[in-house]
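> What follows is the file structure_29.pdb, containing PDB, C-alpha atoms and all ligand atoms:
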ATOM      1  CA  MET N   1       2.343  14.683  -8.932
ATOM      2  CA  THR N   2       4.552  12.588 -11.177
ATOM      3  CA  VAL N   3       3.197  11.641 -14.622
ATOM      4  CA  SER N   4       2.079   8.011 -14.466
ATOM      5  CA  PRO N   5       2.998   5.525 -17.182
ATOM      6  CA  GLN N   6       0.156   3.921 -19.145
ATOM      7  CA  PRO N   7      -0.871   0.551 -17.686
ATOM      8  CA  VAL N   8      -0.298  -2.596 -19.746
ATOM      9  CA  LEU N   9      -1.881  -6.051 -19.583
ATOM     10  CA  GLU N  10       0.906  -8.511 -18.889
ATOM     11  CA  THR N  11       0.952 -12.265 -18.359
ATOM     12  CA  VAL N  12       2.875 -12.850 -15.158
ATOM     13  CA  ARG N  13       4.844 -15.880 -13.981
ATOM     14  CA  VAL N  14       4.961 -16.876 -10.322
ATOM     15  CA  LEU N  15       8.600 -17.123  -9.225
ATOM     16  CA  ALA N  16       7.989 -17.514  -5.489
ATOM     17  CA  ASN N  17       5.124 -17.402  -3.032
ATOM     18  CA  GLU N  18       6.241 -17.544   0.592
ATOM     19  CA  ARG N  19       4.262 -17.326   3.816
ATOM     20  CA  ILE N  20       6.024 -14.658   5.879
ATOM     21  CA  ALA N  21       3.624 -14.248   8.825
ATOM     22  CA  THR N  22       0.257 -15.591   9.933
ATOM     23  CA  GLY N  23      -2.084 -15.010   6.996
ATOM     24  CA  VAL N  24       0.486 -12.910   5.126
ATOM     25  CA  GLY N  25       2.381 -13.900   1.973
ATOM     26  CA  LEU N  26       5.074 -12.446  -0.242
ATOM     27  CA  LEU N  27       4.489 -13.134  -3.929
ATOM     28  CA  THR N  28       7.271 -12.621  -6.465
ATOM     29  CA  LEU N  29       6.097 -12.298 -10.047
ATOM     30  CA  GLN N  30       8.027 -12.039 -13.268
ATOM     31  CA  ALA N  31       6.438  -9.025 -14.946
ATOM     32  CA  PRO N  32       9.134  -7.195 -16.934
ATOM     33  CA  ARG N  33       7.012  -4.456 -18.485
ATOM     34  CA  ILE N  34       5.304  -3.514 -15.233
ATOM     35  CA  ALA N  35       8.540  -3.809 -13.215
ATOM     36  CA  ARG N  36      10.280  -1.414 -15.608
ATOM     37  CA  SER N  37       7.688   1.328 -15.361
ATOM     38  CA  VAL N  38       6.039   1.104 -11.915
ATOM     39  CA  GLU N  39       6.430   4.047  -9.555
ATOM     40  CA  PRO N  40       6.251   3.802  -5.737
ATOM     41  CA  GLY N  41       2.650   3.674  -4.524
ATOM     42  CA  GLN N  42       1.166   2.326  -7.744
ATOM     43  CA  PHE N  43      -0.619  -1.006  -7.853
ATOM     44  CA  VAL N  44      -1.441  -3.919 -10.137
ATOM     45  CA  HIS N  45      -4.908  -5.257 -10.846
ATOM     46  CA  LEU N  46      -4.366  -8.971 -10.692
ATOM     47  CA  ARG N  47      -6.363 -11.764 -12.299
ATOM     48  CA  ILE N  48      -5.770 -14.609  -9.890
ATOM     49  CA  GLY N  49      -7.436 -17.461 -11.765
ATOM     50  CA  VAL N  50     -10.310 -18.450 -13.971
ATOM     51  CA  GLY N  51     -12.971 -19.665 -11.504
ATOM     52  CA  ARG N  52     -16.206 -17.957 -10.424
ATOM     53  CA  THR N  53     -14.600 -16.222  -7.418
ATOM     54  CA  GLU N  54     -11.883 -14.790  -9.638
ATOM     55  CA  ILE N  55     -14.080 -12.986 -12.176
ATOM     56  CA  LEU N  56     -13.092  -9.614 -10.741
ATOM     57  CA  ARG N  57      -9.456  -8.662 -10.584
ATOM     58  CA  ARG N  58      -8.011  -7.778  -7.168
ATOM     59  CA  PRO N  59      -5.853  -4.689  -6.551
ATOM     60  CA  PHE N  60      -2.440  -5.098  -4.865
ATOM     61  CA  SER N  61       0.261  -2.510  -4.271
ATOM     62  CA  VAL N  62       3.644  -3.181  -5.773
ATOM     63  CA  HIS N  63       5.822  -3.588  -2.707
ATOM     64  CA  ARG N  64       9.122  -3.679  -4.623
ATOM     65  CA  ALA N  65      10.289  -3.873  -8.225
ATOM     66  CA  VAL N  66      13.673  -5.452  -8.848
ATOM     67  CA  GLY N  67      14.898  -6.127 -12.387
ATOM     68  CA  ASP N  68      12.076  -7.884 -14.226
ATOM     69  CA  ARG N  69      10.244  -8.839 -11.014
ATOM     70  CA  ILE N  70       7.626  -7.292  -8.818
ATOM     71  CA  GLU N  71       6.878  -8.259  -5.238
ATOM     72  CA  ILE N  72       3.436  -8.196  -3.654
ATOM     73  CA  LEU N  73       2.742  -8.433   0.067
ATOM     74  CA  TYR N  74      -0.735  -9.817   0.623
ATOM     75  CA  GLN N  75      -3.001 -10.655   3.510
ATOM     76  CA  VAL N  76      -5.516 -13.467   3.187
ATOM     77  CA  VAL N  77      -8.981 -11.992   3.821
ATOM     78  CA  GLY N  78     -11.336 -13.813   1.449
ATOM     79  CA  ALA N  79     -11.659 -16.173  -1.495
ATOM     80  CA  GLY N  80      -9.368 -14.292  -3.884
ATOM     81  CA  THR N  81      -6.470 -13.880  -1.496
ATOM     82  CA  ALA N  82      -6.928 -17.478  -0.256
ATOM     83  CA  ARG N  83      -6.500 -18.570  -3.869
ATOM     84  CA  LEU N  84      -3.475 -16.259  -4.178
ATOM     85  CA  ALA N  85      -1.866 -17.997  -1.192
ATOM     86  CA  ARG N  86      -2.015 -21.271  -3.156
ATOM     87  CA  VAL N  87      -0.587 -20.117  -6.496
ATOM     88  CA  GLY N  88       2.829 -21.365  -7.554
ATOM     89  CA  PRO N  89       5.141 -21.603 -10.576
ATOM     90  CA  ALA N  90       2.825 -24.112 -12.304
ATOM     91  CA  ASP N  91      -0.058 -21.601 -12.423
ATOM     92  CA  GLU N  92      -0.277 -20.127 -15.875
ATOM     93  CA  ASP N  93      -3.544 -18.227 -15.689
ATOM     94  CA  LEU N  94      -2.382 -15.115 -13.840
ATOM     95  CA  ASP N  95      -2.143 -11.771 -15.485
ATOM     96  CA  ALA N  96      -1.883  -8.214 -14.289
ATOM     97  CA  ILE N  97      -2.915  -4.788 -15.477
ATOM     98  CA  GLY N  98      -0.389  -2.289 -14.289
ATOM     99  CA  PRO N  99       1.057  -0.120 -13.161
ATOM    100  CA  VAL N 100      -2.225   1.510 -12.141
ATOM    101  CA  GLY N 101      -2.966   4.772 -10.341
ATOM    102  CA  HIS N 102      -1.065   7.729  -8.975
ATOM    103  CA  GLY N 103       1.629   6.870  -6.485
ATOM    104  CA  TRP N 104       3.515   8.859  -3.866
ATOM    105  CA  ASP N 105       4.627  12.352  -4.709
ATOM    106  CA  VAL N 106       8.205  13.280  -3.774
ATOM    107  CA  PRO N 107       8.459  17.041  -4.295
ATOM    108  CA  ALA N 108      11.847  18.495  -5.197
ATOM    109  CA  GLY N 109      13.680  19.545  -2.056
ATOM    110  CA  THR N 110      12.268  16.797   0.168
ATOM    111  CA  SER N 111      15.038  15.970   2.625
ATOM    112  CA  HIS N 112      13.449  14.424   5.720
ATOM    113  CA  ALA N 113      10.406  12.172   5.470
ATOM    114  CA  LEU N 114       8.273  10.293   7.972
ATOM    115  CA  LEU N 115       6.758   7.034   6.704
ATOM    116  CA  VAL N 116       3.941   5.545   8.788
ATOM    117  CA  THR N 117       2.723   1.989   8.264
ATOM    118  CA  GLY N 118      -0.126   0.142   9.926
ATOM    119  CA  GLY N 119      -0.089  -3.625   9.305
ATOM    120  CA  LEU N 120      -0.239  -4.346   5.567
ATOM    121  CA  GLY N 121       0.085  -0.591   5.048
ATOM    122  CA  ALA N 122       3.767  -1.476   4.715
ATOM    123  CA  ALA N 123       2.986  -2.899   1.250
ATOM    124  CA  PRO N 124       3.084   0.319  -0.827
ATOM    125  CA  MET N 125       5.937   1.735   1.275
ATOM    126  CA  GLY N 126       8.776  -0.641   0.324
ATOM    127  CA  MET N 127       9.563   0.939  -3.033
ATOM    128  CA  LEU N 128       9.017   4.392  -1.587
ATOM    129  CA  ALA N 129      11.547   3.859   1.220
ATOM    130  CA  GLU N 130      14.110   2.506  -1.261
ATOM    131  CA  ARG N 131      13.516   5.381  -3.689
ATOM    132  CA  LEU N 132      13.777   8.036  -0.967
ATOM    133  CA  ALA N 133      17.007   6.499   0.356
ATOM    134  CA  ALA N 134      18.454   6.384  -3.178
ATOM    135  CA  GLN N 135      17.629  10.088  -3.553
ATOM    136  CA  GLY N 136      19.405  10.898  -0.288
ATOM    137  CA  VAL N 137      16.209  11.670   1.639
ATOM    138  CA  ALA N 138      16.569  10.814   5.341
ATOM    139  CA  CYS N 139      13.642   8.626   6.405
ATOM    140  CA  VAL N 140      12.131   7.764   9.726
ATOM    141  CA  VAL N 141       9.693   4.825   9.562
ATOM    142  CA  ALA N 142       7.040   4.328  12.254
ATOM    143  CA  MET N 143       5.539   0.854  12.023
ATOM    144  CA  GLY N 144       2.499  -0.486  13.833
ATOM    145  CA  ALA N 145       1.134  -4.044  13.864
ATOM    146  CA  PRO N 146      -0.893  -6.333  16.099
ATOM    147  CA  THR N 147       2.165  -8.383  17.034
ATOM    148  CA  ALA N 148       5.927  -8.621  16.265
ATOM    149  CA  GLU N 149       5.647 -11.164  13.445
ATOM    150  CA  ARG N 150       3.181  -8.900  11.605
ATOM    151  CA  LEU N 151       5.715  -6.064  11.355
ATOM    152  CA  VAL N 152       6.121  -7.076   7.724
ATOM    153  CA  ALA N 153       9.014  -5.629   5.698
ATOM    154  CA  ARG N 154      10.707  -4.487   8.909
ATOM    155  CA  GLU N 155      14.157  -5.613   7.659
ATOM    156  CA  LEU N 156      13.771  -3.667   4.429
ATOM    157  CA  PHE N 157      12.923  -0.461   6.314
ATOM    158  CA  GLU N 158      15.756  -1.050   8.785
ATOM    159  CA  SER N 159      18.194  -1.369   5.875
ATOM    160  CA  VAL N 160      17.337   2.008   4.312
ATOM    161  CA  ALA N 161      15.879   4.247   7.020
ATOM    162  CA  ARG N 162      17.712   6.546   9.414
ATOM    163  CA  LYS N 163      15.481   5.232  12.201
ATOM    164  CA  VAL N 164      12.671   2.689  12.539
ATOM    165  CA  VAL N 165      10.224   3.034  15.433
ATOM    166  CA  LEU N 166       8.125  -0.038  16.241
ATOM    167  CA  THR N 167       4.795  -0.353  18.013
ATOM    168  CA  THR N 168       2.695  -3.459  18.571
ATOM    169  CA  ASP N 169      -0.736  -3.965  20.120
ATOM    170  CA  ASP N 170       0.609  -6.731  22.389
ATOM    171  CA  GLY N 171       4.035  -5.272  23.168
ATOM    172  CA  THR N 172       5.980  -8.145  21.540
ATOM    173  CA  ALA N 173       8.153  -5.595  19.679
ATOM    174  CA  GLY N 174       8.765  -1.911  20.280
ATOM    175  CA  THR N 175       6.343   0.098  22.383
ATOM    176  CA  ARG N 176       2.998  -1.421  23.298
ATOM    177  CA  GLY N 177       0.154   0.592  21.767
ATOM    178  CA  LEU N 178      -0.871   2.439  18.654
ATOM    179  CA  VAL N 179       1.542   3.744  16.046
ATOM    180  CA  THR N 180      -0.199   7.127  16.285
ATOM    181  CA  VAL N 181       1.266   7.607  19.784
ATOM    182  CA  ALA N 182       4.743   7.226  18.241
ATOM    183  CA  THR N 183       3.962   9.547  15.327
ATOM    184  CA  GLU N 184       2.656  12.277  17.619
ATOM    185  CA  ARG N 185       5.958  12.194  19.510
ATOM    186  CA  LEU N 186       8.080  12.053  16.348
ATOM    187  CA  LEU N 187       6.243  15.009  14.819
ATOM    188  CA  ALA N 188       6.818  17.016  17.996
ATOM    189  CA  GLU N 189      10.528  16.098  18.234
ATOM    190  CA  GLU N 190      11.691  16.286  14.621
ATOM    191  CA  ARG N 191      11.106  18.567  11.661
ATOM    192  CA  PHE N 192       9.859  16.592   8.636
ATOM    193  CA  ASP N 193       8.975  18.007   5.257
ATOM    194  CA  MET N 194       6.609  15.189   4.217
ATOM    195  CA  VAL N 195       4.590  12.454   5.919
ATOM    196  CA  TYR N 196       3.555   9.325   3.991
ATOM    197  CA  ALA N 197       0.938   7.096   5.642
ATOM    198  CA  CYS N 198      -0.740   3.806   4.783
ATOM    199  CA  GLY N 199      -2.778   1.448   6.944
ATOM    200  CA  PRO N 200      -6.282   1.311   8.384
ATOM    201  CA  GLU N 201      -8.156   4.444   7.348
ATOM    202  CA  GLY N 202      -8.691   5.573  10.970
ATOM    203  CA  MET N 203      -4.936   5.490  11.461
ATOM    204  CA  GLN N 204      -4.304   7.447   8.281
ATOM    205  CA  ARG N 205      -6.860  10.033   9.287
ATOM    206  CA  ALA N 206      -5.249  10.424  12.735
ATOM    207  CA  VAL N 207      -1.760  10.762  11.231
ATOM    208  CA  ALA N 208      -3.064  13.314   8.716
ATOM    209  CA  SER N 209      -4.500  15.366  11.539
ATOM    210  CA  GLN N 210      -1.241  15.175  13.554
ATOM    211  CA  ALA N 211       0.745  16.234  10.468
ATOM    212  CA  ALA N 212      -1.612  19.176   9.900
ATOM    213  CA  VAL N 213      -1.126  20.314  13.513
ATOM    214  CA  ALA N 214       2.659  20.053  13.014
ATOM    215  CA  GLY N 215       2.396  22.018   9.761
ATOM    216  CA  VAL N 216       3.737  19.150   7.621
ATOM    217  CA  ARG N 217       2.106  17.990   4.385
ATOM    218  CA  CYS N 218       0.846  14.422   4.411
ATOM    219  CA  GLN N 219      -0.039  11.879   1.738
ATOM    220  CA  VAL N 220      -2.274   8.863   2.342
ATOM    221  CA  SER N 221      -2.969   5.746   0.268
ATOM    222  CA  LEU N 222      -6.675   4.919   0.381
ATOM    223  CA  GLU N 223      -8.274   1.504  -0.085
ATOM    224  CA  ARG N 224     -11.589   1.270  -1.851
ATOM    225  CA  LEU N 225     -13.479  -1.669  -3.321
ATOM    226  CA  MET N 226     -12.442  -1.770  -6.954
ATOM    227  CA  ALA N 227     -14.200  -3.469  -9.843
ATOM    228  CA  CYS N 228     -12.849  -2.188 -13.159
ATOM    229  CA  GLY N 229      -9.610  -0.540 -11.978
ATOM    230  CA  ILE N 230      -9.595   1.720 -15.026
ATOM    231  CA  GLY N 231     -11.798   4.591 -13.940
ATOM    232  CA  ALA N 232     -15.054   3.443 -15.553
ATOM    233  CA  CYS N 233     -17.318   1.925 -12.868
ATOM    234  CA  LEU N 234     -17.109   4.470 -10.008
ATOM    235  CA  SER N 235     -17.014   1.741  -7.348
ATOM    236  CA  CYS N 236     -13.925   3.302  -5.752
ATOM    237  CA  VAL N 237     -15.095   6.840  -5.014
ATOM    238  CA  VAL N 238     -13.181   9.089  -2.630
ATOM    239  CA  THR N 239     -14.855  12.366  -1.649
ATOM    240  CA  THR N 240     -12.394  15.237  -1.802
ATOM    241  CA  THR N 241     -12.517  18.987  -1.437
ATOM    242  CA  ASN N 242     -12.180  19.021  -5.242
ATOM    243  CA  GLY N 243     -15.189  16.752  -5.802
ATOM    244  CA  ARG N 244     -15.558  12.992  -6.008
ATOM    245  CA  LYS N 245     -12.489  11.195  -7.324
ATOM    246  CA  ARG N 246     -11.699   7.621  -8.266
ATOM    247  CA  ALA N 247      -9.130   5.862  -6.098
ATOM    248  CA  CYS N 248      -8.055   3.637  -9.002
ATOM    249  CA  VAL N 249      -6.962   6.341 -11.406
ATOM    250  CA  ASP N 250      -6.906   9.609  -9.414
ATOM    251  CA  GLY N 251      -5.377   7.799  -6.370
ATOM    252  CA  PRO N 252      -4.842   5.594  -4.458
ATOM    253  CA  VAL N 253      -2.449   8.225  -3.090
ATOM    254  CA  PHE N 254      -3.993  11.584  -2.191
ATOM    255  CA  TYR N 255      -2.750  14.605  -0.316
ATOM    256  CA  ALA N 256      -4.527  14.328   3.032
ATOM    257  CA  GLU N 257      -5.635  17.965   3.029
ATOM    258  CA  GLU N 258      -7.838  17.112   0.025
ATOM    259  CA  VAL N 259      -9.586  14.088   1.568
ATOM    260  CA  VAL N 260     -13.062  14.365   3.080
ATOM    261  CA  TRP N 261     -13.093  11.353   5.373
ATOM    262  CA  TYR N 262     -16.292   9.304   5.002
ATOM    263  CA  ALA N 263     -16.314   5.979   6.819
ATOM    264  CA  SER N 264     -19.073   4.691   4.504
ATOM    265  CA  GLU N 265     -16.664   4.748   1.531
ATOM    266  CA  VAL N 266     -14.191   2.388   3.229
ATOM    267  CA  PRO N 267     -14.379  -1.399   2.543
ATOM    268  CA  PRO N 268     -15.742  -3.459   5.473
ATOM    269  CA  LYS N 269     -13.042  -4.226   8.029
ATOM    270  CA  HIS N 270     -11.357  -7.597   7.695
TER     271      HIS N 270
HETATM  272  C1  LIG W   1      -5.150   0.284  -4.352
HETATM  273  C2  LIG W   1      -5.228  -0.934  -3.460
HETATM  274  C3  LIG W   1      -4.070  -1.586  -3.099
HETATM  275  C4  LIG W   1      -4.121  -2.709  -2.288
HETATM  276  N1  LIG W   1      -2.956  -3.315  -1.943
HETATM  277  C5  LIG W   1      -2.987  -4.401  -1.164
HETATM  278  C6  LIG W   1      -1.767  -5.062  -0.823
HETATM  279  O1  LIG W   1      -0.679  -4.652  -1.210
HETATM  280  N2  LIG W   1      -1.864  -6.177  -0.053
HETATM  281  C7  LIG W   1      -3.076  -6.652   0.394
HETATM  282  O2  LIG W   1      -3.092  -7.671   1.079
HETATM  283  N3  LIG W   1      -4.232  -6.064   0.073
HETATM  284  C8  LIG W   1      -4.224  -4.960  -0.695
HETATM  285  N4  LIG W   1      -5.404  -4.355  -1.030
HETATM  286  C9  LIG W   1      -6.674  -4.951  -0.577
HETATM  287  C10 LIG W   1      -6.972  -6.180  -1.469
HETATM  288  O3  LIG W   1      -7.242  -5.751  -2.781
HETATM  289  C11 LIG W   1      -8.191  -6.929  -0.920
HETATM  290  O4  LIG W   1      -7.899  -7.417   0.369
HETATM  291  C12 LIG W   1      -8.539  -8.091  -1.830
HETATM  292  O5  LIG W   1      -9.049  -7.610  -3.049
HETATM  293  C13 LIG W   1      -9.576  -8.976  -1.164
HETATM  294  O6  LIG W   1      -9.904 -10.002  -2.077
HETATM  295  P1  LIG W   1     -10.544 -11.367  -1.564
HETATM  296  O7  LIG W   1     -11.175 -12.030  -2.724
HETATM  297  O8  LIG W   1      -9.575 -12.159  -0.768
HETATM  298  O9  LIG W   1     -11.599 -10.872  -0.522
HETATM  299  P2  LIG W   1     -13.167 -10.742  -0.758
HETATM  300  O10 LIG W   1     -13.788 -12.105  -0.590
HETATM  301  O11 LIG W   1     -13.464  -9.962  -1.985
HETATM  302  O12 LIG W   1     -13.501  -9.849   0.499
HETATM  303  C14 LIG W   1     -13.150 -10.286   1.819
HETATM  304  C15 LIG W   1     -13.066  -9.079   2.701
HETATM  305  O13 LIG W   1     -12.071  -8.167   2.211
HETATM  306  C16 LIG W   1     -12.640  -6.897   1.967
HETATM  307  N5  LIG W   1     -12.073  -6.306   0.750
HETATM  308  C17 LIG W   1     -12.324  -6.696  -0.516
HETATM  309  N6  LIG W   1     -11.704  -5.882  -1.388
HETATM  310  C18 LIG W   1     -11.070  -4.964  -0.661
HETATM  311  C19 LIG W   1     -10.294  -3.840  -0.972
HETATM  312  N7  LIG W   1     -10.070  -3.423  -2.230
HETATM  313  N8  LIG W   1      -9.748  -3.142   0.027
HETATM  314  C20 LIG W   1      -9.963  -3.489   1.297
HETATM  315  N9  LIG W   1     -10.731  -4.538   1.650
HETATM  316  C21 LIG W   1     -11.281  -5.247   0.703
HETATM  317  C22 LIG W   1     -14.109  -7.165   1.788
HETATM  318  O14 LIG W   1     -14.859  -6.017   2.064
HETATM  319  C23 LIG W   1     -14.361  -8.280   2.764
HETATM  320  O15 LIG W   1     -14.513  -7.815   4.076
HETATM  321  C24 LIG W   1      -5.378  -3.202  -1.832
HETATM  322  C25 LIG W   1      -6.558  -2.552  -2.192
HETATM  323  C26 LIG W   1      -6.487  -1.422  -2.973
HETATM  324  C27 LIG W   1      -7.738  -0.722  -3.357
HETATM  325  S1  LIG W   2     -12.530   0.661  -9.854
HETATM  326 FE1  LIG W   2     -13.872   1.259 -11.438
HETATM  327  S2  LIG W   2     -13.712   3.438 -11.379
HETATM  328 FE2  LIG W   2     -12.242   2.798  -9.924
END
Show how you would write the structure in this file as structure tokens.
Ligand SMILES: Cc1cc2nc3c(=O)[nH]c(=O)nc-3n(C[C@H](O)[C@H](O)[C@H](O)COP(=O)(O)OP(=O)(O)OC[C@H]3O[C@@H](n4cnc5c(N)ncnc54)[C@H](O)[C@@H]3O)c2cc1C
Ligand code: FES

Amino acid sequence: MTVSPQPVLETVRVLANERIATGVGLLTLQAPRIARSVEPGQFVHLRIGVGRTEILRRPFSVHRAVGDRIEILYQVVGAGTARLARVGPADEDLDAIGPVGHGWDVPAGTSHALLVTGGLGAAPMGMLAERLAAQGVACVVAMGAPTAERLVARELFESVARKVVLTTDDGTAGTRGLVTVATERLLAEERFDMVYACGPEGMQRAVASQAAVAGVRCQVSLERLMACGIGACLSCVVTTTNGRKRACVDGPVFYAEEVVWYASEVPPKH
């Protein structure tokens, strides 16, 4: 694993906040210190406001970091993200702790990677795809979403990947059905040396099992409810073959072979 930079507390300025699909927004924040040091797969713990519903920070993956800016892809699921959808340049009470956690590992010698995204699982993959392409790693991206407009970040992946394979639940783009049908085929047809997966935990678990059958190592990015985000409260436990770990500081990215999959540790579905 790469050595992670120490997180900082940074006041952030909202530069843009666009709705890019139903219930999904793209937030661009000026956050020079975090943007300079964040690694693919790390996240920020964002204070969204000062009201009662915003007492706890909310974790969001850094989708991209460009210059002094970071981009966050978010889905509105509750009070905090509904508030996030309303923030704009006039909001001055946002700050972020970041970059937090261990991101994706890119071992030396990686030359052909499979990235698998389910819905908002595309969020922590943007920087990864760009980084892999910059390092000359050939990438295939398999994307799954309920419908075509929810294939978020599709253009980014198409601009850097060797191939993008699309699946949708309703058949409005790519093949109708689950992304795991596409990944099973890809893993049988091509030889990858790493699989990176993010999306609903059931999907990640299925991809991890397919990768194991194909003899390819796999990393997953796990979501847990997070309170402190600094390793102190143990609200974000992930059971692993090496004991119980904290998704906020030991993850959110784990090698799949280490994860003991317990549905009860996963946040309620939204
Ligand atoms: C490391 C990490 C990275 C994340 N990155 C992103 C991202 O890039 N984009 C994005 O849209 N979301 C991301 N999430 C999930 C996001 O943090 C939650 O959706 C958000 O905190 C919900 O806040 P809320 O106030 O709107 O919802 P709440 O009112 O708190 O909850 C509404 C619903 O969302 C569920 N929920 C709450 N917190 C989480 C959580 N941490 N994970 C999953 N479900 C949750 C609740 O169980 C409930 O069902 C990430 C979570 C983690 C742990
Ligand atoms: S969120 Fe508190 S230990 Fe991880």
> Report as a Markdown table the residues of segment 12-72 of chain N within 10 Å of segment 153-164 of chain N, each with its shortest atom pair and distance in Å (one decimal), using only C-alpha atoms, ordered by chain and increasing residue number.

| residue | atom | partner | partner_atom | distance |
| --- | --- | --- | --- | --- |
| N:Ile20 | CA | N:Ala153 | CA | 9.5 |
| N:Leu26 | CA | N:Ala153 | CA | 9.9 |
| N:His63 | CA | N:Ala153 | CA | 9.2 |
> Work out where the centre of an axis-aligned box around every listed atom of segment 156-161 of chain N lies and how long its edges are once 4 Å is added on each side; give both in Å to one decimal as AutoDock Vina command-line options.

--center_x 15.6 --center_y 0.3 --center_z 6.5 --size_x 13.3 --size_y 15.9 --size_z 12.5
> Taking all atoms listed in the file into account, name the residue in N:Gly119, N:Gly80, N:Pro268, N:Pro107 that is nearest to Val137 of chain N.
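Result for the nearest residue to Val137 of chain N: N:Pro107.
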> For Arg83 of chain N, which residue out of N:Thr22, N:Asn17, N:Thr147, N:Thr28 is the nearest one, using only C-alpha atoms?
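So, comparing all the options, the nearest one is N:Asn17.
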> Quick one: of N:Glu190, N:Glu39, N:Asp93, N:Glu54, who's nearest to Pro124 of chain N, counting all atoms listed in the file?
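Using all atoms listed in the file, Pro124 of chain N sits closest to N:Glu39.
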> Would you list the residues that come within 9 Å of ligand LIG 2 (chain W)? Count all atoms listed in the file and give the answer as a list in words.
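The neighbouring residues of ligand LIG 2 (chain W) are, in order, Arg224, Leu225, Met226, Ala227, Cys228, Gly229, Ile230, Gly231, Ala232, Cys233, Leu234, Ser235, Cys236, Val237, Lys245, Arg246, Ala247, Cys248, Val249 and Asp250 of chain N.
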> Extract, using only C-alpha atoms, all DNA, RNA and protein residues at most 7 Å from Arg47 of chain N, discarding same-chain residues fewer than 5 positions from it, and format them as an mmCIF file with C-alpha atoms, keeping the file's coordinate frame.

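Result saved to around_5.cif:
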data_model
loop_
_atom_site.group_PDB
_atom_site.id
_atom_site.type_symbol
_atom_site.label_atom_id
_atom_site.label_comp_id
_atom_site.auth_asym_id
_atom_site.auth_seq_id
_atom_site.Cartn_x
_atom_site.Cartn_y
_atom_site.Cartn_z
ATOM 1 C CA GLU N 54 -11.883 -14.790 -9.638
ATOM 2 C CA ARG N 57 -9.456 -8.662 -10.584
ATOM 3 C CA ARG N 58 -8.011 -7.778 -7.168
ATOM 4 C CA LEU N 94 -2.382 -15.115 -13.840
ATOM 5 C CA ASP N 95 -2.143 -11.771 -15.485
ATOM 6 C CA ALA N 96 -1.883 -8.214 -14.289
#
> For the contact check between chain N and ligand LIG 1 (chain W), emit one row per residue of chain N within 7 Å, containing the shortest atom pair and the distance in Å rounded to one decimal, counting all atoms listed in the file, chain then rising number order, as CSV.

residue,atom,partner,partner_atom,distance
N:Phe43,CA,W:LIG1,C1,5.9
N:Arg58,CA,W:LIG1,O5,4.3
N:Pro59,CA,W:LIG1,O3,4.2
N:Phe60,CA,W:LIG1,N1,3.5
N:Ser61,CA,W:LIG1,O1,3.9
N:Val62,CA,W:LIG1,O1,6.5
N:His63,CA,W:LIG1,O1,6.8
N:Ile72,CA,W:LIG1,O1,6.0
N:Leu73,CA,W:LIG1,N2,5.1
N:Tyr74,CA,W:LIG1,O2,3.2
N:Gln75,CA,W:LIG1,O2,3.8
N:Val76,CA,W:LIG1,O8,5.8
N:Val77,CA,W:LIG1,O8,4.6
N:Gly78,CA,W:LIG1,O8,3.3
N:Ala79,CA,W:LIG1,O7,4.3
N:Gly80,CA,W:LIG1,O7,3.1
N:Thr81,CA,W:LIG1,O8,3.6
N:Ala82,CA,W:LIG1,O8,6.0
N:Leu120,CA,W:LIG1,N2,6.1
N:Ala123,CA,W:LIG1,O1,4.7
N:Pro124,CA,W:LIG1,O1,6.2
N:Leu222,CA,W:LIG1,C1,6.8
N:Glu223,CA,W:LIG1,C27,4.0
N:Arg224,CA,W:LIG1,C27,4.6
N:Leu225,CA,W:LIG1,N7,4.0
N:Met226,CA,W:LIG1,N7,5.5
N:Cys248,CA,W:LIG1,C1,6.4
N:Pro252,CA,W:LIG1,C1,5.3
N:Pro267,CA,W:LIG1,O14,4.7
N:Pro268,CA,W:LIG1,O14,4.4
N:Lys269,CA,W:LIG1,O15,5.5
N:His270,CA,W:LIG1,O15,4.8
> Can I get the selection written as a CSV table (one decimal), keeping the file's coordinate frame, with C-alpha atoms?

chain,number,residue,atom,x,y,z
N,43,PHE,CA,-0.6,-1.0,-7.9
N,58,ARG,CA,-8.0,-7.8,-7.2
N,59,PRO,CA,-5.9,-4.7,-6.6
N,60,PHE,CA,-2.4,-5.1,-4.9
N,61,SER,CA,0.3,-2.5,-4.3
N,62,VAL,CA,3.6,-3.2,-5.8
N,63,HIS,CA,5.8,-3.6,-2.7
N,72,ILE,CA,3.4,-8.2,-3.7
N,73,LEU,CA,2.7,-8.4,0.1
N,74,TYR,CA,-0.7,-9.8,0.6
N,75,GLN,CA,-3.0,-10.7,3.5
N,76,VAL,CA,-5.5,-13.5,3.2
N,77,VAL,CA,-9.0,-12.0,3.8
N,78,GLY,CA,-11.3,-13.8,1.4
N,79,ALA,CA,-11.7,-16.2,-1.5
N,80,GLY,CA,-9.4,-14.3,-3.9
N,81,THR,CA,-6.5,-13.9,-1.5
N,82,ALA,CA,-6.9,-17.5,-0.3
N,120,LEU,CA,-0.2,-4.3,5.6
N,123,ALA,CA,3.0,-2.9,1.2
N,124,PRO,CA,3.1,0.3,-0.8
N,222,LEU,CA,-6.7,4.9,0.4
N,223,GLU,CA,-8.3,1.5,-0.1
N,224,ARG,CA,-11.6,1.3,-1.9
N,225,LEU,CA,-13.5,-1.7,-3.3
N,226,MET,CA,-12.4,-1.8,-7.0
N,248,CYS,CA,-8.1,3.6,-9.0
N,252,PRO,CA,-4.8,5.6,-4.5
N,267,PRO,CA,-14.4,-1.4,2.5
N,268,PRO,CA,-15.7,-3.5,5.5
N,269,LYS,CA,-13.0,-4.2,8.0
N,270,HIS,CA,-11.4,-7.6,7.7
